[in-house]
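One file, final-v3.cif, is given below (mmCIF, C-alpha atoms and all ligand atoms).
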data_my_file
loop_
_atom_site.label_atom_id
_atom_site.label_comp_id
_atom_site.auth_asym_id
_atom_site.auth_seq_id
_atom_site.Cartn_x
_atom_site.Cartn_y
_atom_site.Cartn_z
CA MET A 275 -15.83 -4.16 -30.64
CA PRO A 276 -12.96 -4.07 -28.15
CA THR A 277 -13.45 -2.12 -24.93
CA SER A 278 -10.91 0.53 -23.96
CA SER A 279 -9.28 -1.90 -21.52
CA GLN A 280 -9.01 -4.51 -24.28
CA GLN A 281 -7.35 -1.95 -26.53
CA GLY A 282 -5.04 -1.07 -23.66
CA ALA A 283 -4.16 -4.73 -23.23
CA GLU A 284 -3.27 -4.89 -26.92
CA ARG A 285 -1.06 -1.84 -26.51
CA GLY A 286 0.49 -3.53 -23.49
CA ARG A 287 1.54 -6.48 -25.57
CA SER A 288 2.93 -4.46 -28.42
CA GLY A 289 4.75 -1.81 -26.40
CA ASP A 290 7.21 -2.16 -23.57
CA GLY A 291 5.88 -4.74 -21.09
CA SER A 292 6.26 -3.25 -17.64
CA THR A 293 5.65 0.45 -18.44
CA SER A 294 2.51 -0.21 -20.46
CA ARG A 295 1.27 -2.59 -17.76
CA LYS A 296 1.79 0.16 -15.20
CA ALA A 297 -0.13 2.64 -17.37
CA GLU A 298 -2.97 0.13 -17.73
CA HIS A 299 -3.06 -0.45 -13.98
CA LEU A 300 -3.30 3.26 -13.30
CA ARG A 301 -6.06 3.79 -15.83
CA ILE A 302 -8.11 0.78 -14.69
CA ASN A 303 -7.79 1.77 -11.03
CA ILE A 304 -9.09 5.23 -11.86
CA GLU A 305 -11.87 4.28 -14.27
CA GLN A 306 -13.23 0.91 -13.13
CA ASP A 307 -14.82 -0.51 -10.00
CA VAL A 308 -11.85 -2.53 -8.78
CA ARG A 309 -13.06 -2.98 -5.23
CA ALA A 310 -13.06 -6.46 -3.74
CA LYS A 311 -16.54 -7.96 -3.88
CA GLY A 312 -17.92 -10.35 -1.29
CA VAL A 313 -15.22 -9.61 1.26
CA SER A 314 -14.76 -6.50 3.41
CA SER A 315 -11.86 -5.05 5.34
CA GLY A 316 -13.63 -6.11 8.54
CA PHE A 317 -13.36 -2.77 10.34
CA GLU A 318 -17.15 -2.36 10.28
CA ARG A 319 -17.34 -5.19 12.83
CA TYR A 320 -15.62 -3.03 15.48
CA ARG A 321 -16.88 -0.03 17.45
CA PHE A 322 -15.20 2.29 19.89
CA ALA A 323 -16.82 2.94 23.26
CA HIS A 324 -17.62 6.66 23.14
CA CYS A 325 -16.36 8.74 26.08
CA ALA A 326 -18.72 11.56 27.05
CA LEU A 327 -16.21 12.96 29.53
CA PRO A 328 -12.84 12.91 27.77
CA GLU A 329 -11.10 15.27 30.25
CA ILE A 330 -8.78 16.52 27.48
CA ALA A 331 -8.95 19.43 25.04
CA LEU A 332 -9.23 18.74 21.32
CA ASP A 333 -5.92 20.57 20.94
CA ASP A 334 -4.27 18.02 23.22
CA VAL A 335 -4.70 15.32 20.59
CA ASP A 336 -1.32 14.59 19.03
CA LEU A 337 -1.17 12.32 15.98
CA SER A 338 2.59 12.41 15.57
CA VAL A 339 4.70 9.27 15.47
CA ALA A 340 8.31 8.39 14.66
CA GLN A 341 9.03 5.55 12.24
CA PHE A 342 12.24 4.34 10.63
CA GLY A 343 14.15 7.44 11.69
CA ARG A 344 11.61 9.98 10.44
CA LYS A 345 9.07 12.06 12.31
CA MET A 346 5.53 11.92 10.93
CA ARG A 347 2.75 14.34 11.85
CA ALA A 348 0.13 11.62 11.40
CA PRO A 349 0.50 7.83 11.13
CA ILE A 350 -0.71 7.74 7.54
CA LEU A 351 1.10 6.20 4.58
CA ILE A 352 0.24 6.96 0.97
CA SER A 353 0.82 3.38 -0.15
CA CYS A 354 3.11 2.23 -2.93
CA MET A 355 1.47 2.77 -6.30
CA THR A 356 3.22 4.17 -9.26
CA GLY A 357 6.21 5.31 -11.27
CA GLY A 358 7.65 4.66 -14.70
CA THR A 359 5.02 6.25 -16.93
CA PRO A 360 4.41 9.87 -17.98
CA GLU A 361 1.13 9.95 -15.97
CA ALA A 362 2.97 8.68 -12.90
CA THR A 363 5.15 11.78 -12.73
CA GLY A 364 2.20 14.07 -11.97
CA VAL A 365 0.52 11.60 -9.64
CA ASN A 366 3.66 11.01 -7.59
CA ARG A 367 4.46 14.73 -7.38
CA THR A 368 0.94 15.52 -6.17
CA LEU A 369 0.97 12.72 -3.60
CA ALA A 370 4.46 13.68 -2.44
CA ARG A 371 3.50 17.34 -1.92
CA ILE A 372 0.56 16.18 0.19
CA ALA A 373 2.77 13.78 2.17
CA GLN A 374 5.20 16.63 2.86
CA GLU A 375 2.46 19.08 3.89
CA PHE A 376 0.58 16.64 6.15
CA GLY A 377 3.62 14.80 7.49
CA PHE A 378 2.56 11.46 6.00
CA ALA A 379 4.84 8.68 4.77
CA MET A 380 4.83 7.74 1.09
CA GLY A 381 5.61 4.64 -0.95
CA LEU A 382 6.66 4.60 -4.59
CA GLY A 383 5.47 2.04 -7.12
CA SER A 384 7.64 -0.89 -8.12
CA GLY A 385 11.14 0.27 -9.04
CA ARG A 386 11.76 -2.57 -11.47
CA VAL A 387 11.01 -0.33 -14.43
CA LEU A 388 13.43 2.28 -13.07
CA LEU A 389 16.22 -0.30 -12.79
CA GLU A 390 15.51 -1.51 -16.33
CA GLN A 391 14.86 1.92 -17.86
CA PRO A 392 16.84 4.58 -15.97
CA GLU A 393 15.29 7.28 -18.15
CA THR A 394 12.05 6.88 -16.12
CA LEU A 395 13.71 8.42 -13.03
CA GLU A 396 11.74 11.66 -13.22
CA SER A 397 8.50 9.79 -12.53
CA PHE A 398 9.97 8.38 -9.29
CA ASP A 399 11.74 11.52 -8.16
CA VAL A 400 9.69 12.93 -5.30
CA ARG A 401 12.44 14.01 -2.90
CA SER A 402 12.63 17.47 -4.43
CA VAL A 403 9.07 18.15 -3.23
CA ALA A 404 9.07 15.88 -0.17
CA PRO A 405 12.45 16.30 1.51
CA GLU A 406 11.31 15.28 5.02
CA VAL A 407 8.93 12.46 4.20
CA LEU A 408 9.49 8.85 5.24
CA LEU A 409 9.88 7.40 1.75
CA PHE A 410 9.68 3.75 0.74
CA ALA A 411 11.10 2.35 -2.48
CA ASN A 412 9.30 -0.73 -3.75
CA LEU A 413 10.06 -3.93 -5.63
CA GLY A 414 8.29 -7.22 -6.27
CA ALA A 415 9.87 -9.82 -3.98
CA VAL A 416 9.67 -12.35 -6.83
CA GLN A 417 12.29 -10.28 -8.67
CA LEU A 418 14.79 -11.65 -6.14
CA ASN A 419 14.35 -14.93 -8.02
CA LYS A 420 15.20 -13.21 -11.28
CA GLY A 421 18.65 -11.88 -10.55
CA TYR A 422 17.84 -8.88 -8.37
CA GLY A 423 19.72 -8.70 -5.07
CA VAL A 424 21.59 -6.37 -2.75
CA PRO A 425 23.45 -4.34 -5.46
CA GLN A 426 20.31 -3.62 -7.51
CA CYS A 427 18.26 -2.76 -4.41
CA LYS A 428 21.02 -0.47 -3.08
CA HIS A 429 21.05 1.27 -6.46
CA LEU A 430 17.27 1.69 -6.35
CA ILE A 431 17.37 3.17 -2.86
CA LYS A 432 20.07 5.60 -3.96
CA LEU A 433 18.26 6.64 -7.15
CA VAL A 434 15.07 7.64 -5.34
CA ASP A 435 16.70 8.60 -2.03
CA ALA A 436 14.39 6.32 -0.04
CA ASP A 437 14.62 5.56 3.67
CA ALA A 438 13.64 1.91 3.33
CA LEU A 439 12.69 -0.75 0.79
CA VAL A 440 9.29 -2.41 0.70
CA LEU A 441 9.10 -5.75 -1.12
CA HIS A 442 5.67 -6.81 -2.30
CA LEU A 443 4.37 -10.36 -2.28
CA ASN A 444 1.70 -10.75 -4.96
CA PRO A 445 1.56 -14.43 -5.99
CA LEU A 446 -2.11 -14.32 -6.93
CA GLN A 447 -1.70 -11.22 -9.08
CA GLU A 448 1.28 -12.73 -10.90
CA ALA A 449 -0.69 -15.94 -11.48
CA LEU A 450 -3.57 -14.00 -13.03
CA GLN A 451 -1.31 -12.04 -15.39
CA PRO A 452 -0.56 -13.72 -18.73
CA GLU A 453 3.00 -12.38 -18.41
CA GLY A 454 3.28 -12.90 -14.63
CA ASP A 455 6.36 -14.10 -12.73
CA THR A 456 5.14 -17.15 -10.87
CA ASP A 457 8.22 -18.85 -9.44
CA PHE A 458 8.06 -18.01 -5.73
CA ARG A 459 10.38 -20.86 -4.63
CA GLY A 460 13.09 -20.04 -2.12
CA LEU A 461 11.97 -16.43 -1.68
CA LEU A 462 11.95 -16.39 2.11
CA LYS A 463 15.69 -17.01 2.28
CA ARG A 464 16.37 -14.37 -0.37
CA ILE A 465 14.20 -11.86 1.52
CA GLY A 466 16.22 -12.67 4.65
CA ASP A 467 19.55 -12.26 2.84
CA LEU A 468 18.44 -8.91 1.45
CA SER A 469 17.13 -7.76 4.84
CA ASN A 470 20.48 -8.54 6.42
CA GLY A 471 22.61 -7.10 3.64
CA LEU A 472 20.90 -3.99 2.32
CA GLY A 473 21.89 -1.53 5.02
CA VAL A 474 18.44 0.11 5.13
CA PRO A 475 15.27 -1.43 6.58
CA VAL A 476 13.48 -3.97 4.39
CA LEU A 477 9.73 -4.28 4.86
CA VAL A 478 7.38 -6.75 3.19
CA LYS A 479 3.81 -6.14 2.10
CA GLU A 480 1.02 -7.92 0.28
CA VAL A 481 -1.03 -6.05 -2.29
CA GLY A 482 -4.59 -6.64 -1.06
CA TRP A 483 -4.99 -10.29 -0.06
CA GLY A 484 -3.26 -10.08 3.30
CA LEU A 485 -0.29 -11.53 5.19
CA SER A 486 -1.33 -14.44 7.39
CA PRO A 487 0.22 -14.74 10.88
CA ASP A 488 2.46 -17.63 9.76
CA VAL A 489 3.89 -15.53 6.95
CA VAL A 490 4.36 -12.56 9.30
CA ARG A 491 6.20 -14.76 11.80
CA ALA A 492 8.43 -16.27 9.10
CA LEU A 493 9.29 -12.84 7.70
CA PHE A 494 10.31 -11.43 11.07
CA GLU A 495 12.33 -14.58 11.79
CA VAL A 496 14.48 -14.00 8.70
CA GLY A 497 15.09 -10.37 9.64
CA VAL A 498 12.60 -8.05 7.93
CA ALA A 499 12.18 -4.70 9.68
CA GLY A 500 8.41 -4.40 9.30
CA VAL A 501 5.35 -5.65 7.46
CA ASP A 502 2.34 -4.10 5.78
CA VAL A 503 -0.44 -6.65 5.97
CA ALA A 504 -2.23 -5.16 2.89
CA GLY A 505 -5.34 -7.23 3.48
CA ALA A 506 -8.57 -7.80 1.60
CA GLY A 507 -11.50 -5.43 1.39
CA GLY A 508 -10.11 -2.60 -0.71
CA THR A 509 -8.44 -2.60 -4.11
CA SER A 510 -8.63 -6.09 -5.58
CA TRP A 511 -5.87 -6.98 -8.02
CA SER A 512 -7.86 -9.89 -9.38
CA GLU A 513 -10.50 -7.34 -10.35
CA VAL A 514 -7.83 -5.11 -11.90
CA GLU A 515 -6.44 -8.02 -13.90
CA ARG A 516 -10.00 -8.97 -14.91
CA PHE A 517 -10.34 -5.57 -16.55
CA ARG A 518 -6.97 -5.93 -18.28
CA THR A 519 -7.65 -9.14 -20.12
CA HIS A 520 -9.92 -9.73 -23.10
CA GLU A 521 -9.83 -13.51 -23.06
CA SER A 522 -13.16 -14.72 -21.73
CA TRP A 523 -11.74 -17.68 -19.83
CA ARG A 524 -9.21 -15.40 -18.11
CA ILE A 525 -12.01 -13.01 -17.20
CA ARG A 526 -13.90 -15.89 -15.59
CA VAL A 527 -10.81 -17.11 -13.73
CA ALA A 528 -10.07 -13.62 -12.33
CA SER A 529 -13.73 -13.05 -11.36
CA GLN A 530 -13.63 -16.00 -9.02
CA PHE A 531 -11.04 -14.29 -6.81
CA ALA A 532 -13.03 -11.10 -6.16
CA ALA A 533 -13.73 -12.25 -2.58
CA TRP A 534 -10.29 -13.79 -1.98
CA GLY A 535 -8.00 -12.82 0.85
CA ILE A 536 -7.81 -12.19 4.57
CA PRO A 537 -9.75 -9.12 5.74
CA THR A 538 -7.37 -6.37 6.83
CA ALA A 539 -8.77 -6.10 10.37
CA GLU A 540 -8.13 -9.82 10.92
CA CYS A 541 -4.63 -9.56 9.48
CA VAL A 542 -3.65 -6.70 11.77
CA ARG A 543 -4.88 -8.39 14.93
CA ALA A 544 -3.19 -11.65 14.05
CA ALA A 545 0.06 -9.97 13.00
CA ARG A 546 0.24 -8.02 16.24
CA ALA A 547 -0.35 -11.23 18.21
CA VAL A 548 2.68 -12.93 16.62
CA ALA A 549 4.90 -9.83 16.57
CA PRO A 550 4.11 -7.81 19.71
CA GLU A 551 6.86 -5.21 19.25
CA ALA A 552 7.55 -5.08 15.51
CA PRO A 553 6.51 -2.28 13.14
CA ILE A 554 3.20 -3.21 11.51
CA ILE A 555 1.40 -1.23 8.84
CA ALA A 556 -2.27 -1.82 8.09
CA SER A 557 -3.54 -1.28 4.57
CA GLY A 558 -6.20 -2.70 2.29
CA GLY A 559 -9.62 -1.10 2.26
CA ILE A 560 -8.89 1.64 4.78
CA ARG A 561 -11.20 4.33 3.53
CA ASP A 562 -11.50 6.97 6.26
CA GLY A 563 -10.16 8.22 9.55
CA LEU A 564 -12.34 5.85 11.56
CA ASP A 565 -10.97 2.80 9.74
CA ALA A 566 -7.52 4.23 10.44
CA ALA A 567 -8.29 4.66 14.16
CA LYS A 568 -9.63 1.11 14.35
CA ALA A 569 -6.60 -0.32 12.55
CA ILE A 570 -4.32 1.38 15.07
CA ALA A 571 -6.40 0.16 18.03
CA LEU A 572 -6.13 -3.36 16.58
CA GLY A 573 -2.35 -3.12 16.55
CA ALA A 574 -1.06 -1.11 13.58
CA ASP A 575 1.66 1.51 13.97
CA MET A 576 0.78 3.17 10.70
CA VAL A 577 -2.08 3.00 8.21
CA GLY A 578 -1.70 2.81 4.43
CA ILE A 579 -4.18 4.03 1.84
CA ALA A 580 -3.71 3.60 -1.92
CA GLY A 581 -6.75 3.55 -4.25
CA PRO A 582 -8.59 6.56 -2.75
CA PHE A 583 -5.46 8.72 -3.00
CA LEU A 584 -4.97 7.71 -6.63
CA ARG A 585 -8.55 8.53 -7.59
CA ALA A 586 -8.32 11.88 -5.79
CA ALA A 587 -5.00 12.62 -7.53
CA ALA A 588 -6.64 11.94 -10.89
CA GLN A 589 -9.02 14.80 -10.08
CA GLY A 590 -6.39 17.22 -8.90
CA PHE A 591 -4.26 18.49 -6.03
CA ASP A 592 -7.20 20.08 -4.17
CA GLU A 593 -9.07 16.76 -4.07
CA VAL A 594 -6.08 14.98 -2.54
CA HIS A 595 -5.66 17.85 -0.10
CA ASP A 596 -9.31 17.57 0.96
CA LEU A 597 -9.05 13.82 1.39
CA ALA A 598 -5.89 14.10 3.50
CA HIS A 599 -7.52 16.82 5.60
CA GLU A 600 -10.65 14.73 6.12
CA ILE A 601 -8.74 11.60 7.18
CA VAL A 602 -6.62 13.49 9.69
CA GLU A 603 -9.58 15.42 11.10
CA VAL A 604 -11.70 12.30 11.63
CA LEU A 605 -8.81 10.56 13.35
CA ARG A 606 -8.22 13.60 15.59
CA VAL A 607 -11.89 14.03 16.49
CA ALA A 608 -12.31 10.30 17.13
CA MET A 609 -9.38 10.34 19.54
CA PHE A 610 -10.87 13.36 21.31
CA ALA A 611 -14.23 11.56 21.66
CA LEU A 612 -12.35 8.67 23.24
CA GLY A 613 -10.34 10.89 25.60
CA ILE A 614 -7.10 9.77 23.93
CA ARG A 615 -4.14 12.11 23.50
CA SER A 616 -1.62 10.06 21.55
CA ILE A 617 -1.25 7.28 19.00
CA GLU A 618 0.50 5.21 21.68
CA GLU A 619 -2.64 5.49 23.84
CA LEU A 620 -4.86 4.66 20.87
CA LYS A 621 -2.91 1.43 20.37
CA LEU A 622 -3.87 0.39 23.91
CA THR A 623 -7.57 1.16 23.49
CA ASP A 624 -10.06 -1.71 23.55
CA MET A 625 -12.89 -1.82 21.03
CA LEU A 626 -16.26 -3.49 21.06
CA GLY A 627 -16.36 -6.26 18.46
CA PRO A 628 -15.32 -9.82 17.67
CA ALA A 629 -13.43 -11.44 20.55
C1 LIG A 701 -2.77 1.94 -8.99
C2 LIG A 701 -2.13 1.10 -7.93
C3 LIG A 701 -0.85 0.63 -8.15
C4 LIG A 701 -0.22 -0.16 -7.18
N1 LIG A 701 1.07 -0.54 -7.38
C5 LIG A 701 1.74 -1.18 -6.38
C6 LIG A 701 3.13 -1.43 -6.49
O1 LIG A 701 3.78 -1.10 -7.50
N2 LIG A 701 3.73 -2.07 -5.47
C7 LIG A 701 3.05 -2.45 -4.35
O2 LIG A 701 3.65 -2.98 -3.41
N3 LIG A 701 1.73 -2.23 -4.22
C8 LIG A 701 1.06 -1.59 -5.20
N4 LIG A 701 -0.28 -1.31 -5.05
C9 LIG A 701 -1.00 -1.88 -3.89
C10 LIG A 701 -1.19 -0.87 -2.77
O3 LIG A 701 0.04 -0.43 -2.26
C11 LIG A 701 -2.06 -1.43 -1.63
O4 LIG A 701 -1.38 -2.46 -0.96
C12 LIG A 701 -3.40 -1.96 -2.10
O5 LIG A 701 -3.90 -1.20 -3.17
C13 LIG A 701 -4.45 -1.97 -0.99
O6 LIG A 701 -4.76 -0.68 -0.55
P1 LIG A 701 -6.10 0.13 -0.94
O7 LIG A 701 -7.25 -0.81 -0.68
O8 LIG A 701 -6.10 1.35 -0.06
O9 LIG A 701 -5.99 0.48 -2.39
C14 LIG A 701 -0.92 -0.52 -5.99
C15 LIG A 701 -2.22 -0.03 -5.79
C16 LIG A 701 -2.83 0.77 -6.73
C17 LIG A 701 -4.23 1.25 -6.47
#
Hey, can you dump this file as structure tokens for me?
Ligand SMILES: Cc1cc2nc3c(=O)[nH]c(=O)nc-3n(C[C@H](O)[C@H](O)[C@H](O)COP(=O)(O)O)c2cc1C
Amino acid sequence: MPTSSQQGAERGRSGDGSTSRKAEHLRINIEQDVRAKGVSSGFERYRFAHCALPEIALDDVDLSVAQFGRKMRAPILISCMTGGTPEATGVNRTLARIAQEFGFAMGLGSGRVLLEQPETLESFDVRSVAPEVLLFANLGAVQLNKGYGVPQCKHLIKLVDADALVLHLNPLQEALQPEGDTDFRGLLKRIGDLSNGLGVPVLVKEVGWGLSPDVVRALFEVGVAGVDVAGAGGTSWSEVERFRTHESWRIRVASQFAAWGIPTAECVRAARAVAPEAPIIASGGIRDGLDAAKAIALGADMVGIAGPFLRAAAQGFDEVHDLAHEIVEVLRVAMFALGIRSIEELKLTDMLGPA
């Protein structure tokens, strides 16, 4: 008897490709254990040195930052996830209302479906509820090898009223999808051309296996405005694809990548070492305010969280609100217990851990 994910995969093949894939992804991420297995984000290897005499008041702690022309009340990004399906409309609205209330940034899911099916706009339209939020549009970088370029990306930015475009690099995910786009040749130059021609900042992210320092260096050399390392230790897209397929050999292939990728903590440190001044976002397995504080102390300007926000959104607005509150409060209290007033100071704080 087929499992529900097998039935979903059948639906995916018979219906429209990218929207049904997106619906499957959402459902699997909510219902299944899609965490990476055998690899962690690496933040557990670091500790802060507690300060018993902080010489500041808790109210002095200020989490605000400015990024890409927008003020944020906390350096938290609700990472790129969804759009294009009926379920996505509610999820994006909920996440956007939270981003607006807490002063977070927000990323939308891949806009390819929006460019191909303009009638899906409602599911991407979050500006009406999040007018002040730093908003990222999103597209798979590999689409630049399939005819997408400056005009399409400009159109996408305009449709969703985004401040910047985030391109995702997901070669392993594409390779594990039966219908994946796997020609990544010549992408670096195309990313550079887009970065120099779009007129809004272009950032590049992974999706949970990490950007190595060589890739980070190459991306900044061609002109990207920022990177999100999106390292290993959180949502694993090989695990998601494992749940999407019903072919036993594909299941076995995907299983073998559950521990793949560069742990997020390592990615952030290495990225900061090769790009001392550039905007760097840390995501991938960041699960609480302490992970967020550690990511910033290791060099991130902003911290992205995806899976936990999605699962909270599936439960309701109050759950997302609670999660956002908890993350911000832990970050604030941690900074107080370190005697640190600002995110800039947190970035300069040493931790105990791997040299
Ligand atoms: C349901 C879901 C959908 C996602 N869709 C996208 C996407 O369309 N584009 C993208 O760049 N990343 C996408 N991601 C990846 C996230 O932005 C993030 O990089 C990754 O999940 C690691 O973060 P996490 O461990 O906090 O989930 C998606 C993640 C989830 C959970």
- prompt: If you count all atoms listed in the file, which residues end up within 8 Å of ligand LIG 701 (chain A), as a PyMOL selection string?
  reply: chain A and resi 296+299-304+309+353-357+381-385+412-414+440-443+479-482+502+504-511+557-561+578-584
- prompt: Rounded to one decimal in Å, what is the spacing between atom CA of A:Ser314 and atom CA of A:Leu369?
  reply: 25.8 Å
task: Could you please give me, as a PyMOL selection string, the residues of protein, DNA or RNA lying at most 12 Å from (9.0, -17.4, 7.4) in the coordinate frame of the file, considering only C-alpha atoms?
output: chain A and resi 460-466+478+485-498
Just write the chosen residues, C-alpha atoms, as a compact mmCIF listing (two decimals), in the coordinates of the input.
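Result file again.txt:
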# COMPACT_ATOMS: atom_id res chain seq x y z
CA GLY A 460 13.09 -20.04 -2.12
CA LEU A 461 11.97 -16.43 -1.68
CA LEU A 462 11.95 -16.39 2.11
CA LYS A 463 15.69 -17.01 2.28
CA ARG A 464 16.37 -14.37 -0.37
CA ILE A 465 14.20 -11.86 1.52
CA GLY A 466 16.22 -12.67 4.65
CA VAL A 478 7.38 -6.75 3.19
CA LEU A 485 -0.29 -11.53 5.19
CA SER A 486 -1.33 -14.44 7.39
CA PRO A 487 0.22 -14.74 10.88
CA ASP A 488 2.46 -17.63 9.76
CA VAL A 489 3.89 -15.53 6.95
CA VAL A 490 4.36 -12.56 9.30
CA ARG A 491 6.20 -14.76 11.80
CA ALA A 492 8.43 -16.27 9.10
CA LEU A 493 9.29 -12.84 7.70
CA PHE A 494 10.31 -11.43 11.07
CA GLU A 495 12.33 -14.58 11.79
CA VAL A 496 14.48 -14.00 8.70
CA GLY A 497 15.09 -10.37 9.64
CA VAL A 498 12.60 -8.05 7.93
message: Would you compute the distance between atom CA of A:Leu564 and atom CA of A:His324? Give it in Å to one decimal.
response: 12.8 Å
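Using all atoms listed in the file, the nearest neighbour of A:Val542 within the list A:Glu393, A:Gln530, A:Ile570, A:Arg524 is A:Ile570.
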field: Separation of atom CA of A:Leu622 from atom CA of A:Leu327 in Å
entry: 18.5 Å
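Across A:Gly316, A:Pro425, A:Gly377, A:Gly627, the tightest approach to A:Met346 is made by A:Gly377 when counting all atoms listed in the file.
The closest residue to A:Asp457, picked from A:Pro392, A:Phe376, A:Val434, A:Asn419 and counting only C-alpha atoms, is A:Asn419.
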- request: List the neighbours of A:Gly312 out to 10 Å using all atoms listed in the file; skip same-chain residues closer than 4 positions along the sequence, and give me the result as a ChimeraX atom specification.
  value: /A:507,531-534
